[in-house]
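To keep things clear, I will list the structure first and then write my remarks on it.
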Amino acid sequence: MDWIDWARSAAALVATLALILAVAWGARRLGMLQGGASAPRRLKLSESLMLDPRRRLVLVRCDGREHLILLGPSGDIVVSEMAAAEQAESAN
């Protein structure tokens, strides 16, 4: 393989990378990569607590309700459901 073949290969690589970057830039510019960021988020992980190496307790907020869920290898269990308490920090 002589230097002309190496130069042709390098030019093809640069052209391919430039084409990939141009398509990614165009997709971002047109808003195709945002994935529904304009919609308000309904689900929020409020807190998480590791009970032991295999189990975790999480507090999830969804549509004005809070759900306390125990996650573990044997399955997930909803411990309780309650109305979401307003946070004092947001009122200040």
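So you can find residues: chains in the structure tokens are A, B, ... in the order shown, residues in each start at 1, and ligands are numbered from 1 in order.
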
Report as a PyMOL selection string: the residues of chain A with a DSSP assignment of alpha helix (DSSP H), based on the backbone of this structure. chain A and resi 3-29+88-91

Could the residues in this selection be written to a file with N, CA and C atoms, as a compact mmCIF listing (two decimals), in the first residue's frame?
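New file out-v6.txt:
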# COMPACT_ATOMS: atom_id res chain seq x y z
N TRP A 3 1.45 5.60 -0.40
CA TRP A 3 0.94 6.75 0.34
C TRP A 3 -0.37 7.28 -0.25
N ILE A 4 -0.64 7.08 -1.51
CA ILE A 4 -1.89 7.55 -2.11
C ILE A 4 -3.08 6.77 -1.52
N ASP A 5 -2.90 5.48 -1.33
CA ASP A 5 -3.97 4.68 -0.72
C ASP A 5 -4.22 5.10 0.73
N TRP A 6 -3.14 5.40 1.45
CA TRP A 6 -3.29 5.87 2.84
C TRP A 6 -4.01 7.21 2.88
N ALA A 7 -3.65 8.11 1.98
CA ALA A 7 -4.29 9.43 1.93
C ALA A 7 -5.77 9.30 1.56
N ARG A 8 -6.09 8.42 0.63
CA ARG A 8 -7.48 8.21 0.24
C ARG A 8 -8.29 7.64 1.41
N SER A 9 -7.70 6.70 2.15
CA SER A 9 -8.38 6.12 3.31
C SER A 9 -8.61 7.17 4.39
N ALA A 10 -7.60 7.99 4.66
CA ALA A 10 -7.73 9.05 5.67
C ALA A 10 -8.79 10.06 5.26
N ALA A 11 -8.84 10.42 3.97
CA ALA A 11 -9.84 11.38 3.50
C ALA A 11 -11.24 10.80 3.61
N ALA A 12 -11.40 9.52 3.33
CA ALA A 12 -12.71 8.88 3.47
C ALA A 12 -13.15 8.86 4.93
N LEU A 13 -12.22 8.60 5.83
CA LEU A 13 -12.54 8.60 7.26
C LEU A 13 -12.97 9.99 7.73
N VAL A 14 -12.23 11.00 7.32
CA VAL A 14 -12.57 12.37 7.71
C VAL A 14 -13.93 12.77 7.14
N ALA A 15 -14.21 12.41 5.89
CA ALA A 15 -15.50 12.74 5.28
C ALA A 15 -16.64 12.03 5.99
N THR A 16 -16.44 10.77 6.38
CA THR A 16 -17.49 10.03 7.10
C THR A 16 -17.76 10.66 8.46
N LEU A 17 -16.71 10.98 9.20
CA LEU A 17 -16.89 11.62 10.51
C LEU A 17 -17.56 12.99 10.37
N ALA A 18 -17.20 13.75 9.35
CA ALA A 18 -17.83 15.05 9.13
C ALA A 18 -19.30 14.89 8.81
N LEU A 19 -19.65 13.88 8.02
CA LEU A 19 -21.06 13.63 7.70
C LEU A 19 -21.86 13.25 8.94
N ILE A 20 -21.30 12.40 9.80
CA ILE A 20 -21.97 12.01 11.04
C ILE A 20 -22.19 13.23 11.94
N LEU A 21 -21.17 14.06 12.09
CA LEU A 21 -21.30 15.26 12.92
C LEU A 21 -22.31 16.24 12.34
N ALA A 22 -22.36 16.37 11.01
CA ALA A 22 -23.32 17.28 10.38
C ALA A 22 -24.75 16.80 10.59
N VAL A 23 -24.99 15.51 10.49
CA VAL A 23 -26.33 14.98 10.72
C VAL A 23 -26.73 15.16 12.18
N ALA A 24 -25.82 14.91 13.12
CA ALA A 24 -26.11 15.08 14.54
C ALA A 24 -26.40 16.55 14.85
N TRP A 25 -25.62 17.46 14.28
CA TRP A 25 -25.86 18.88 14.51
C TRP A 25 -27.22 19.30 13.95
N GLY A 26 -27.55 18.82 12.74
CA GLY A 26 -28.84 19.15 12.14
C GLY A 26 -30.01 18.60 12.94
N ALA A 27 -29.87 17.38 13.44
CA ALA A 27 -30.93 16.79 14.25
C ALA A 27 -31.13 17.57 15.54
N ARG A 28 -30.06 17.98 16.16
CA ARG A 28 -30.17 18.78 17.39
C ARG A 28 -30.77 20.15 17.09
N ARG A 29 -30.37 20.73 15.99
CA ARG A 29 -30.86 22.05 15.62
C ARG A 29 -32.37 22.03 15.33
N ALA A 88 -41.66 22.66 52.34
CA ALA A 88 -41.52 23.97 52.96
C ALA A 88 -40.56 24.84 52.17
N GLU A 89 -39.55 24.23 51.49
CA GLU A 89 -38.56 25.02 50.75
C GLU A 89 -39.19 25.72 49.56
N SER A 90 -40.19 25.09 48.91
CA SER A 90 -40.80 25.71 47.74
C SER A 90 -41.66 26.91 48.13
N ALA A 91 -42.18 26.96 49.34
CA ALA A 91 -43.00 28.09 49.78
C ALA A 91 -42.18 29.31 50.10

Give me the residues within 12 Å of segment 73-83 of chain A as a list in words, counting only C-alpha atoms and dropping any in the same chain fewer than 4 places off.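 Final neighbour list, sorted by chain and number: Asp52, Pro53, Arg54, Arg55, Arg56, Leu57, Val58, Leu59, Val60, Arg61, Cys62, Asp63, Gly64, Arg65, Glu66, His67, Leu68 and Ile69 of chain A.
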
Hey, can you check how far atom CA of Ala85 of chain A sits from atom CA of Ser48 of chain A?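 Value for the atom CA of Ala85 of chain A-atom CA of Ser48 of chain A distance: 16.7 Å.
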
Taking the DSSP secondary structure from the backbone, can you list the residues of chain A that are strand (DSSP E), as number ranges by chain? A: 43-52, 55-62, 65-72, 75-83

Provide the atom CA of Leu49 of chain A to atom CA of Ala84 of chain A distance in Å, to one decimal place.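 A separation of 18.3 Å between them.
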